[in-house]
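Participant: Following this line is target_31.txt, made up of compact mmCIF, C-alpha atoms and all ligand atoms:
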```
# COMPACT_ATOMS: atom_id res chain seq x y z
CA MET A 2 -194.17 -46.54 -74.87
CA SER A 3 -191.09 -48.76 -74.88
CA ASP A 4 -190.80 -52.12 -73.12
CA HIS A 5 -188.80 -50.35 -70.41
CA TYR A 6 -192.08 -49.11 -68.93
CA LEU A 7 -193.72 -52.55 -68.83
CA THR A 8 -194.13 -54.39 -65.56
CA ARG A 9 -194.99 -58.08 -65.34
CA SER A 10 -197.29 -59.23 -62.58
CA PRO A 11 -195.63 -62.09 -60.68
CA VAL A 12 -199.12 -63.40 -59.97
CA THR A 13 -200.82 -63.44 -63.35
CA GLY A 14 -197.79 -63.04 -65.63
CA GLN A 15 -199.65 -60.19 -67.29
CA GLU A 16 -197.62 -57.25 -68.65
CA TYR A 17 -198.88 -53.74 -68.08
CA VAL A 18 -197.74 -50.10 -67.87
CA PRO A 19 -198.22 -48.83 -64.29
CA MET A 20 -198.35 -45.23 -65.60
CA ARG A 21 -201.56 -46.17 -67.36
CA ALA A 22 -203.11 -48.07 -64.47
CA PRO A 23 -205.74 -46.33 -62.31
CA ARG A 24 -203.85 -43.65 -60.42
CA PHE A 25 -204.89 -44.85 -57.00
CA ALA A 26 -203.48 -48.29 -57.74
CA GLU A 27 -199.97 -49.75 -57.71
CA ILE A 28 -196.85 -49.06 -55.65
CA PRO A 29 -196.08 -45.34 -55.83
CA THR A 30 -192.74 -44.87 -57.53
CA PHE A 31 -191.99 -41.34 -58.76
CA MET A 32 -194.50 -40.61 -61.57
CA ARG A 33 -195.29 -44.37 -61.59
CA ALA A 34 -192.07 -44.88 -63.58
CA PRO A 35 -190.41 -48.29 -63.27
CA LEU A 36 -188.21 -48.97 -60.26
CA ALA A 37 -184.82 -49.49 -61.92
CA GLU A 38 -182.94 -52.74 -61.45
CA SER A 39 -179.81 -51.37 -63.15
CA LEU A 40 -178.52 -48.12 -64.65
CA GLU A 41 -177.98 -49.67 -68.05
CA GLY A 42 -179.63 -47.67 -70.81
CA LEU A 43 -181.04 -45.19 -68.33
CA ASP A 44 -181.09 -41.47 -69.24
CA ILE A 45 -182.79 -39.89 -66.23
CA ALA A 46 -182.94 -41.24 -62.68
CA MET A 47 -185.48 -39.97 -60.19
CA VAL A 48 -183.96 -40.17 -56.71
CA GLY A 49 -185.27 -39.73 -53.20
CA VAL A 50 -182.94 -38.11 -50.67
CA PRO A 51 -184.67 -38.54 -47.30
CA PHE A 52 -182.32 -36.34 -45.28
CA ASP A 53 -183.25 -33.31 -43.15
CA GLY A 54 -180.28 -33.13 -40.84
CA GLY A 55 -179.44 -29.70 -42.23
CA VAL A 56 -182.69 -27.96 -41.31
CA SER A 57 -182.45 -24.75 -39.25
CA ASN A 58 -186.02 -24.69 -37.99
CA ARG A 59 -188.94 -27.09 -38.51
CA THR A 60 -187.82 -30.60 -39.43
CA GLY A 61 -189.76 -33.04 -41.57
CA ALA A 62 -188.33 -32.91 -45.10
CA ARG A 63 -186.92 -36.43 -44.61
CA HIS A 64 -190.50 -37.57 -45.28
CA GLY A 65 -190.58 -35.64 -48.57
CA PRO A 66 -189.59 -38.37 -51.04
CA ARG A 67 -192.25 -40.82 -49.91
CA GLU A 68 -195.09 -38.28 -49.99
CA ILE A 69 -193.93 -36.82 -53.29
CA ARG A 70 -193.88 -40.35 -54.73
CA ASN A 71 -197.41 -40.85 -53.47
CA MET A 72 -198.78 -37.58 -54.89
CA SER A 73 -196.81 -38.00 -58.12
CA SER A 74 -199.29 -40.75 -59.00
CA LEU A 75 -201.45 -37.87 -60.19
CA MET A 76 -198.91 -36.95 -62.89
CA ARG A 77 -199.51 -38.21 -66.41
CA PRO A 78 -197.03 -38.37 -69.29
CA ILE A 79 -198.02 -35.69 -71.83
CA HIS A 80 -197.36 -32.04 -70.97
CA HIS A 81 -200.39 -29.90 -71.73
CA VAL A 82 -198.41 -26.89 -73.00
CA SER A 83 -195.37 -28.35 -74.79
CA ARG A 84 -196.96 -31.73 -75.65
CA VAL A 85 -193.65 -33.26 -74.55
CA ASN A 86 -193.81 -36.87 -73.35
CA PRO A 87 -190.54 -37.32 -71.46
CA TYR A 88 -190.92 -41.11 -71.33
CA GLU A 89 -190.95 -41.34 -75.11
CA LEU A 90 -188.02 -38.95 -75.54
CA CYS A 91 -185.77 -40.93 -73.22
CA THR A 92 -185.57 -43.67 -70.62
CA VAL A 93 -186.66 -42.65 -67.13
CA ALA A 94 -186.81 -44.65 -63.90
CA ASP A 95 -187.06 -44.33 -60.15
CA VAL A 96 -183.77 -45.57 -58.68
CA GLY A 97 -184.94 -45.53 -55.07
CA ASP A 98 -183.47 -43.53 -52.23
CA VAL A 99 -179.93 -42.62 -51.24
CA HIS A 100 -178.77 -45.04 -48.54
CA PHE A 101 -177.27 -43.48 -45.46
CA SER A 102 -174.53 -45.17 -43.46
CA THR A 103 -175.62 -43.24 -40.38
CA LEU A 104 -178.64 -41.04 -39.72
CA TYR A 105 -176.91 -38.84 -37.18
CA GLU A 106 -173.69 -37.53 -38.67
CA ALA A 107 -174.07 -34.80 -41.23
CA ALA A 108 -170.51 -35.12 -42.56
CA LYS A 109 -171.11 -38.78 -43.38
CA ALA A 110 -174.42 -37.92 -45.04
CA VAL A 111 -172.52 -35.62 -47.41
CA GLY A 112 -170.30 -38.55 -48.37
CA ASP A 113 -173.21 -40.95 -48.78
CA ILE A 114 -175.11 -38.56 -51.06
CA GLU A 115 -171.99 -37.77 -53.10
CA THR A 116 -171.20 -41.47 -53.52
CA PHE A 117 -174.74 -42.30 -54.66
CA PHE A 118 -174.89 -39.47 -57.21
CA GLY A 119 -171.32 -40.18 -58.28
CA LYS A 120 -172.41 -43.63 -59.45
CA LEU A 121 -175.25 -42.10 -61.48
CA HIS A 122 -172.87 -39.52 -62.92
CA GLU A 123 -170.29 -42.16 -63.90
CA ALA A 124 -173.05 -44.12 -65.65
CA GLY A 125 -174.07 -41.03 -67.64
CA VAL A 126 -177.46 -40.80 -65.93
CA ALA A 127 -178.91 -37.36 -65.19
CA PRO A 128 -180.46 -37.03 -61.71
CA LEU A 129 -183.80 -35.53 -60.78
CA SER A 130 -184.12 -35.58 -57.01
CA ALA A 131 -186.72 -35.12 -54.31
CA GLY A 132 -185.44 -33.92 -50.95
CA GLY A 133 -184.86 -33.79 -48.21
CA ASP A 134 -183.69 -30.38 -47.15
CA HIS A 135 -181.66 -28.06 -49.37
CA ALA A 136 -178.35 -29.19 -47.89
CA ILE A 137 -178.51 -32.20 -50.24
CA THR A 138 -177.75 -30.11 -53.33
CA TYR A 139 -174.16 -29.49 -52.22
CA PRO A 140 -173.12 -33.20 -52.25
CA ILE A 141 -175.12 -33.65 -55.48
CA PHE A 142 -172.94 -30.92 -57.03
CA ARG A 143 -169.81 -32.64 -55.70
CA ALA A 144 -170.83 -35.61 -57.83
CA ILE A 145 -172.17 -34.00 -61.00
CA ALA A 146 -169.90 -30.94 -61.26
CA ARG A 147 -166.58 -32.77 -60.91
CA GLU A 148 -165.40 -32.00 -64.42
CA ARG A 149 -166.70 -28.44 -64.74
CA PRO A 150 -168.86 -26.05 -62.74
CA VAL A 151 -172.57 -25.91 -63.52
CA GLY A 152 -174.84 -22.88 -63.84
CA MET A 153 -178.11 -22.80 -61.94
CA VAL A 154 -181.66 -21.54 -61.98
CA HIS A 155 -182.55 -21.44 -58.28
CA ILE A 156 -186.08 -20.82 -57.02
CA ASP A 157 -186.16 -20.13 -53.28
CA ALA A 158 -187.09 -17.55 -50.65
CA HIS A 159 -183.47 -17.80 -49.48
CA THR A 160 -180.14 -17.49 -51.28
CA ASP A 161 -178.70 -20.43 -49.30
CA THR A 162 -175.31 -18.74 -49.36
CA TRP A 163 -175.04 -18.54 -45.59
CA ASP A 164 -171.77 -19.18 -43.80
CA GLU A 165 -171.39 -21.25 -40.66
CA TYR A 166 -174.50 -21.73 -38.54
CA PHE A 167 -174.15 -22.92 -34.93
CA GLY A 168 -170.70 -24.19 -35.70
CA ALA A 169 -171.56 -26.10 -38.88
CA LYS A 170 -170.73 -25.28 -42.48
CA PHE A 171 -173.04 -27.98 -43.87
CA HIS A 172 -176.70 -27.08 -43.39
CA HIS A 173 -179.65 -26.22 -45.59
CA GLY A 174 -178.74 -22.53 -45.70
CA SER A 175 -175.26 -23.04 -47.15
CA PRO A 176 -175.24 -25.35 -50.20
CA PHE A 177 -174.53 -22.64 -52.76
CA ARG A 178 -171.81 -20.97 -50.74
CA LEU A 179 -170.02 -24.30 -50.33
CA ALA A 180 -170.54 -25.11 -54.02
CA THR A 181 -169.21 -21.70 -55.07
CA GLU A 182 -166.17 -21.97 -52.79
CA GLU A 183 -165.32 -25.39 -54.24
CA GLY A 184 -165.72 -24.29 -57.84
CA LEU A 185 -168.71 -26.59 -58.42
CA LEU A 186 -171.17 -23.77 -59.09
CA ASP A 187 -170.41 -20.91 -61.46
CA PRO A 188 -171.88 -17.91 -59.62
CA LYS A 189 -171.85 -15.80 -62.79
CA ARG A 190 -174.13 -18.38 -64.43
CA THR A 191 -176.49 -18.47 -61.44
CA ILE A 192 -179.84 -16.76 -60.95
CA GLN A 193 -181.69 -16.88 -57.64
CA ILE A 194 -185.41 -16.10 -57.89
CA GLY A 195 -188.00 -15.33 -55.21
CA ILE A 196 -185.64 -14.14 -52.46
CA ARG A 197 -187.39 -12.49 -49.52
CA GLY A 198 -187.93 -12.45 -45.77
CA ALA A 199 -186.29 -10.43 -43.02
CA GLN A 200 -182.86 -11.60 -41.91
CA LEU A 201 -180.45 -11.13 -39.02
CA SER A 202 -177.76 -10.01 -41.46
CA THR A 203 -177.49 -9.01 -45.12
CA GLU A 204 -174.22 -10.94 -45.41
CA PRO A 205 -175.62 -13.97 -47.36
CA TRP A 206 -177.39 -11.72 -49.89
CA ASP A 207 -174.19 -9.66 -50.19
CA TYR A 208 -172.15 -12.84 -50.71
CA SER A 209 -174.34 -13.89 -53.65
CA LEU A 210 -174.13 -10.44 -55.22
CA GLU A 211 -170.38 -10.09 -54.66
CA LYS A 212 -169.76 -13.45 -56.34
CA GLY A 213 -171.75 -12.27 -59.35
CA MET A 214 -175.01 -14.20 -58.91
CA ARG A 215 -178.13 -12.54 -60.23
CA VAL A 216 -180.40 -12.21 -57.20
CA VAL A 217 -184.05 -11.53 -58.05
CA PHE A 218 -185.78 -10.42 -54.87
CA MET A 219 -189.48 -11.16 -54.78
CA ASP A 220 -190.57 -7.53 -55.05
CA GLU A 221 -188.58 -7.19 -58.28
CA PHE A 222 -190.06 -10.43 -59.59
CA ALA A 223 -193.58 -9.14 -58.88
CA ARG A 224 -192.89 -5.84 -60.67
CA ALA A 225 -191.01 -7.27 -63.66
CA GLY A 226 -193.30 -10.25 -64.26
CA VAL A 227 -192.41 -13.85 -64.99
CA ASP A 228 -191.71 -13.41 -68.73
CA ALA A 229 -189.01 -10.80 -68.12
CA ILE A 230 -187.36 -12.98 -65.48
CA VAL A 231 -187.46 -16.00 -67.83
CA GLU A 232 -185.60 -13.98 -70.45
CA GLU A 233 -183.03 -12.91 -67.91
CA ALA A 234 -182.60 -16.45 -66.56
CA ARG A 235 -181.91 -17.72 -70.09
CA THR A 236 -179.30 -15.01 -70.62
CA VAL A 237 -177.61 -15.63 -67.25
CA VAL A 238 -177.19 -19.41 -67.64
CA GLY A 239 -176.63 -19.36 -71.43
CA GLY A 240 -175.84 -22.55 -73.30
CA GLY A 241 -173.69 -24.27 -70.69
CA PRO A 242 -174.66 -27.13 -68.36
CA THR A 243 -177.34 -25.91 -65.99
CA TYR A 244 -178.99 -27.30 -62.87
CA ILE A 245 -182.47 -26.38 -61.61
CA SER A 246 -182.87 -26.28 -57.84
CA PHE A 247 -186.43 -25.73 -56.67
CA ASP A 248 -187.01 -25.03 -52.98
CA VAL A 249 -190.78 -25.16 -52.38
CA ASP A 250 -190.45 -22.28 -49.93
CA GLY A 251 -189.85 -20.10 -52.99
CA LEU A 252 -193.60 -20.46 -53.46
CA ASP A 253 -196.04 -18.55 -51.32
CA PRO A 254 -197.02 -20.67 -48.29
CA VAL A 255 -200.59 -20.36 -49.53
CA TYR A 256 -199.54 -22.86 -52.22
CA ALA A 257 -196.89 -24.75 -50.27
CA PRO A 258 -197.47 -24.56 -46.53
CA GLY A 259 -195.73 -27.87 -45.86
CA THR A 260 -192.17 -26.64 -45.55
CA GLY A 261 -189.72 -25.90 -42.76
CA THR A 262 -188.96 -22.21 -43.30
CA PRO A 263 -191.99 -20.62 -45.01
CA GLU A 264 -191.90 -16.96 -46.08
CA VAL A 265 -195.10 -15.20 -47.10
CA GLY A 266 -195.30 -13.17 -50.29
CA GLY A 267 -193.82 -15.70 -52.71
CA LEU A 268 -194.38 -17.06 -56.21
CA THR A 269 -197.67 -18.60 -57.23
CA THR A 270 -197.61 -22.16 -58.51
CA LEU A 271 -198.57 -20.93 -61.99
CA GLU A 272 -195.74 -18.37 -62.00
CA ALA A 273 -193.31 -21.14 -61.06
CA GLN A 274 -194.65 -23.43 -63.79
CA THR A 275 -194.47 -20.61 -66.34
CA LEU A 276 -190.91 -19.89 -65.24
CA LEU A 277 -189.87 -23.53 -65.66
CA ARG A 278 -191.64 -23.85 -69.01
CA GLY A 279 -189.66 -20.82 -70.17
CA LEU A 280 -186.40 -22.76 -69.71
CA ARG A 281 -186.99 -25.15 -72.64
CA GLY A 282 -183.95 -25.68 -74.83
CA LEU A 283 -181.36 -25.02 -72.12
CA ASP A 284 -178.81 -27.73 -71.31
CA ILE A 285 -180.45 -28.94 -68.11
CA VAL A 286 -178.17 -31.61 -66.59
CA GLY A 287 -180.08 -32.22 -63.36
CA GLY A 288 -182.59 -30.84 -60.94
CA ASP A 289 -184.20 -31.15 -57.58
CA VAL A 290 -187.27 -30.22 -55.59
CA VAL A 291 -186.45 -29.80 -51.91
CA GLU A 292 -187.92 -28.80 -48.55
CA VAL A 293 -191.30 -30.51 -48.89
CA ALA A 294 -192.06 -31.30 -45.22
CA PRO A 295 -195.09 -33.59 -44.97
CA PRO A 296 -195.59 -33.13 -41.19
CA PHE A 297 -196.66 -29.54 -42.02
CA ASP A 298 -198.67 -30.60 -45.04
CA PRO A 299 -201.90 -32.15 -43.77
CA SER A 300 -203.73 -31.86 -47.12
CA GLY A 301 -200.84 -33.32 -49.11
CA ASN A 302 -200.95 -30.29 -51.41
CA THR A 303 -197.30 -29.31 -50.91
CA ALA A 304 -196.25 -32.82 -51.93
CA LEU A 305 -198.50 -32.53 -55.01
CA VAL A 306 -196.88 -29.18 -55.83
CA GLY A 307 -193.46 -30.79 -55.40
CA ALA A 308 -194.38 -33.68 -57.69
CA THR A 309 -195.77 -31.26 -60.28
CA MET A 310 -192.59 -29.16 -60.30
CA MET A 311 -190.54 -32.36 -60.62
CA TYR A 312 -192.60 -33.28 -63.67
CA GLU A 313 -191.98 -29.84 -65.21
CA ILE A 314 -188.22 -30.29 -64.65
CA LEU A 315 -188.39 -33.85 -66.01
CA CYS A 316 -189.82 -32.56 -69.29
CA LEU A 317 -186.97 -30.03 -69.60
CA MET A 318 -184.37 -32.66 -68.79
CA ALA A 319 -185.80 -35.12 -71.32
CA GLU A 320 -185.53 -32.56 -74.12
CA ALA A 321 -181.98 -31.77 -73.01
CA VAL A 322 -181.07 -35.49 -73.12
CA VAL A 323 -182.28 -35.62 -76.73
CA ALA A 324 -180.30 -32.49 -77.62
CA ARG A 325 -177.09 -33.84 -76.03
CA LYS A 326 -177.44 -37.17 -77.86
CA SER A 327 -177.86 -35.48 -81.23
CA ALA A 328 -175.07 -32.93 -80.63
MN MN B 401 -183.31 -23.45 -49.99
MN MN B 402 -185.69 -21.68 -48.74
```
I'd like the structure from this file rewritten - as structure tokens, please.
Facilitator:
Amino acid sequence: MSDHYLTRSPVTGQEYVPMRAPRFAEIPTFMRAPLAESLEGLDIAMVGVPFDGGVSNRTGARHGPREIRNMSSLMRPIHHVSRVNPYELCTVADVGDVHFSTLYEAAKAVGDIETFFGKLHEAGVAPLSAGGDHAITYPIFRAIARERPVGMVHIDAHTDTWDEYFGAKFHHGSPFRLATEEGLLDPKRTIQIGIRGAQLSTEPWDYSLEKGMRVVFMDEFARAGVDAIVEEARTVVGGGPTYISFDVDGLDPVYAPGTGTPEVGGLTTLEAQTLLRGLRGLDIVGGDVVEVAPPFDPSGNTALVGATMMYEILCLMAEAVVARKSA
């Protein structure tokens, strides 16, 4: 492992790799990666976005980044299926959390998130984020999709293509409608997987379909099986820049109860891992895991699931970094 991953104890002067320390020890950065002091030479930044001002029901996702950091101490570097070690393929660090100028004005939060991710984007650093609620993905797209729209593999119980809700356009049910309307997301290169749950109106589902998104409702996923959906996801997003957005409520609440808007009858954790592993070789330019709400997660398992899915996405992003550098 490169010197980048070394930390020096200010007490003993001893150098060590926190990722190799006992997992209950040390300050819990994401995956025990170094806390970055600058963006220089960095390929992938792990970011916390502790914002849940867009939640429509049970709040708490603002606590997600800290608990995911804590549970991510259980992650180790080498992937057991692909044997990928993302930290050897590229340079990875925790860059801390987005700073908010105010906690109480959603419109300003959009600007704060966009500004933060804009700086990463300008420095050529690919972001892997922990939310926060799903509203955060819209300002992330405003930063990373400035030059061209991105495609997306989206795992969620909800399409998040809702219109206004209680007088607001910015909330956790609308990021992909806003992103589509602003030309940041290419709906024809978007697949939404795990959609389910009764609704007041079919309008959001219809919006996704009318814009050309591939919407895989959960009953179809269960019948077709994960391998068939992987193949279809690869075809839909193709070779262009692609973002992975993982809402933990896409999983069955048996696996991820700690979330604001759970819907029973969802993906298993293994199906989700298999799905993500099937996306190797795509041009993954960023990703997030959102809607982990620790107040509803007494065992910490949802945060562990969130950390594990972040690690899966990190491995995909690291291989994509290598591919882009050699292209
Ligand atoms: Mn969502
Ligand atoms: Mn959802």
Participant: Taking all atoms listed in the file into account, which residues are within 12 Å of ligand MN 402 (chain B), as a ChimeraX atom specification?
Facilitator: /A:56-58,134-136,155-163,172-177,193-198,246-254,257,260-265,267,290-293
Participant: For the residues in that selection, give me C-alpha atoms as a JSON list (two decimals), keeping the file's coordinate frame.
Facilitator:
```json
[["chain", "number", "residue", "atom", "x", "y", "z"],
["A", 56, "VAL", "CA", -182.69, -27.96, -41.31],
["A", 57, "SER", "CA", -182.45, -24.75, -39.25],
["A", 58, "ASN", "CA", -186.02, -24.69, -37.99],
["A", 134, "ASP", "CA", -183.69, -30.38, -47.15],
["A", 135, "HIS", "CA", -181.66, -28.06, -49.37],
["A", 136, "ALA", "CA", -178.35, -29.19, -47.89],
["A", 155, "HIS", "CA", -182.55, -21.44, -58.28],
["A", 156, "ILE", "CA", -186.08, -20.82, -57.02],
["A", 157, "ASP", "CA", -186.16, -20.13, -53.28],
["A", 158, "ALA", "CA", -187.09, -17.55, -50.65],
["A", 159, "HIS", "CA", -183.47, -17.80, -49.48],
["A", 160, "THR", "CA", -180.14, -17.49, -51.28],
["A", 161, "ASP", "CA", -178.70, -20.43, -49.30],
["A", 162, "THR", "CA", -175.31, -18.74, -49.36],
["A", 163, "TRP", "CA", -175.04, -18.54, -45.59],
["A", 172, "HIS", "CA", -176.70, -27.08, -43.39],
["A", 173, "HIS", "CA", -179.65, -26.22, -45.59],
["A", 174, "GLY", "CA", -178.74, -22.53, -45.70],
["A", 175, "SER", "CA", -175.26, -23.04, -47.15],
["A", 176, "PRO", "CA", -175.24, -25.35, -50.20],
["A", 177, "PHE", "CA", -174.53, -22.64, -52.76],
["A", 193, "GLN", "CA", -181.69, -16.88, -57.64],
["A", 194, "ILE", "CA", -185.41, -16.10, -57.89],
["A", 195, "GLY", "CA", -188.00, -15.33, -55.21],
["A", 196, "ILE", "CA", -185.64, -14.14, -52.46],
["A", 197, "ARG", "CA", -187.39, -12.49, -49.52],
["A", 198, "GLY", "CA", -187.93, -12.45, -45.77],
["A", 246, "SER", "CA", -182.87, -26.28, -57.84],
["A", 247, "PHE", "CA", -186.43, -25.73, -56.67],
["A", 248, "ASP", "CA", -187.01, -25.03, -52.98],
["A", 249, "VAL", "CA", -190.78, -25.16, -52.38],
["A", 250, "ASP", "CA", -190.45, -22.28, -49.93],
["A", 251, "GLY", "CA", -189.85, -20.10, -52.99],
["A", 252, "LEU", "CA", -193.60, -20.46, -53.46],
["A", 253, "ASP", "CA", -196.04, -18.55, -51.32],
["A", 254, "PRO", "CA", -197.02, -20.67, -48.29],
["A", 257, "ALA", "CA", -196.89, -24.75, -50.27],
["A", 260, "THR", "CA", -192.17, -26.64, -45.55],
["A", 261, "GLY", "CA", -189.72, -25.90, -42.76],
["A", 262, "THR", "CA", -188.96, -22.21, -43.30],
["A", 263, "PRO", "CA", -191.99, -20.62, -45.01],
["A", 264, "GLU", "CA", -191.90, -16.96, -46.08],
["A", 265, "VAL", "CA", -195.10, -15.20, -47.10],
["A", 267, "GLY", "CA", -193.82, -15.70, -52.71],
["A", 290, "VAL", "CA", -187.27, -30.22, -55.59],
["A", 291, "VAL", "CA", -186.45, -29.80, -51.91],
["A", 292, "GLU", "CA", -187.92, -28.80, -48.55],
["A", 293, "VAL", "CA", -191.30, -30.51, -48.89]]
```
Participant: Nearest to ligand MN 401 (chain B) among A:Ala62, A:Ala124, A:Leu201, A:Val111, with distances taken over all atoms listed in the file: which residue is it?
Facilitator: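 Of A:Ala62, A:Ala124, A:Leu201, A:Val111, the one nearest ligand MN 401 (chain B), counting all atoms listed in the file, is A:Ala62.
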Participant: From the list A:Glu313, A:Glu204, A:Asp289, A:Asp298, which residue is nearest ligand MN 401 (chain B) when using all atoms listed in the file?
Facilitator: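 Distance minimum relative to ligand MN 401 (chain B) lands on A:Asp289.
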Participant: Considering all atoms listed in the file, can you say which of A:Gly282, A:Asn302, A:Arg235, A:Gly288 comes closest to Ala324 (chain A)?
Facilitator: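 Selected residue with least distance to Ala324 (chain A): A:Gly282.
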Participant: Can you tell me how far CA of Glu16 (chain A) sits from CA of Pro66 (chain A), in Å to one decimal?
Facilitator: 27.0 Å
Participant: For ligand MN 401 (chain B), which residue among A:Glu272, A:Pro296, A:Thr138, A:Ala308 is the nearest when counting all atoms listed in the file?
Facilitator: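 For ligand MN 401 (chain B), the nearest of the given residues is A:Thr138.
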Participant: Quick one: residues within 10 Å of Gly42 (chain A), only C-alpha atoms counted, chain neighbours fewer than 4 positions away excluded, as a list of chain:residue names?
Facilitator: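 Returned residues: A:His5, A:Cys91, A:Thr92, A:Val93, A:Ala124, A:Gly125, A:Val126.
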Participant: Would you output that residue set with C-alpha atoms, as a short mmCIF file (atom, residue, chain, number, x, y, z; two decimals), in the coordinates of the input?
Facilitator:
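Contents of again-v3.cif, as written:
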```
data_model
loop_
_atom_site.label_atom_id
_atom_site.label_comp_id
_atom_site.auth_asym_id
_atom_site.auth_seq_id
_atom_site.Cartn_x
_atom_site.Cartn_y
_atom_site.Cartn_z
CA HIS A 5 -188.80 -50.35 -70.41
CA CYS A 91 -185.77 -40.93 -73.22
CA THR A 92 -185.57 -43.67 -70.62
CA VAL A 93 -186.66 -42.65 -67.13
CA ALA A 124 -173.05 -44.12 -65.65
CA GLY A 125 -174.07 -41.03 -67.64
CA VAL A 126 -177.46 -40.80 -65.93
#
```
Participant: For CA of Arg281 (chain A) and CA of Phe142 (chain A), quote the distance in Å rounded to one decimal.
Facilitator: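 CA of Arg281 (chain A) sits 21.8 Å away from CA of Phe142 (chain A).
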Participant: Hey, which of A:Arg278, A:Leu268, A:Arg325, A:Arg9 ends up closest to His80 (chain A)? Count only C-alpha atoms.
Facilitator: A:Arg278
Participant: Which value, in Å to one decimal, gives the distance between CA of Val12 (chain A) and CA of Glu89 (chain A)?
Facilitator: 28.0 Å
Participant: Compare A:Tyr312, A:Tyr256, A:Tyr139, A:Tyr208 by their minimum atom-to-atom distance to ligand MN 401 (chain B), counting all atoms listed in the file, and give me the closest one.
Facilitator: A:Tyr139
Participant: Set the distance at 12 Å and use only C-alpha atoms: which residues neighbour Ala229 (chain A) once local chain neighbours fewer than 5 positions away are removed? I'd like the list as a list in words.
Facilitator: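 Non-adjacent residues within range: Val217, Glu221, Phe222, Ala223, Arg224, Ala234, Arg235, Thr236, Glu272, Thr275, Leu276 and Gly279 of chain A.
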Participant: Could the residues in this selection be written to a file with C-alpha atoms, as a tab-separated table (two decimals), keeping the file's coordinate frame?
Facilitator:
```tsv
chain	number	residue	atom	x	y	z
A	217	VAL	CA	-184.05	-11.53	-58.05
A	221	GLU	CA	-188.58	-7.19	-58.28
A	222	PHE	CA	-190.06	-10.43	-59.59
A	223	ALA	CA	-193.58	-9.14	-58.88
A	224	ARG	CA	-192.89	-5.84	-60.67
A	234	ALA	CA	-182.60	-16.45	-66.56
A	235	ARG	CA	-181.91	-17.72	-70.09
A	236	THR	CA	-179.30	-15.01	-70.62
A	272	GLU	CA	-195.74	-18.37	-62.00
A	275	THR	CA	-194.47	-20.61	-66.34
A	276	LEU	CA	-190.91	-19.89	-65.24
A	279	GLY	CA	-189.66	-20.82	-70.17
```
Participant: Do you know which residues are at most 8 Å from Phe117 (chain A) counting only C-alpha atoms, after dropping those on the same chain fewer than 3 positions away, and could you put them as a PyMOL selection string?
Facilitator: chain A and resi 99-100+113-114+120-121
Participant: Got a sec: who's within 8 Å of Val237 (chain A), counting all atoms listed in the file, leaving out chain neighbours fewer than 5 positions off, as a PyMOL selection string?
Facilitator: chain A and resi 189-192+215
Participant: Identify, on the basis of all atoms listed in the file, every residue whose closest approach to region 18-25 of chain A does not exceed 8 Å; exclude the query and any residue fewer than 2 positions from it along the same chain; express the result as a list in words.
Facilitator: Tyr6, Leu7, Thr8, Glu16, Glu27, Met32, Arg33, Ala34, Pro35, Ser74, Leu75, Arg77 and Pro78 of chain A
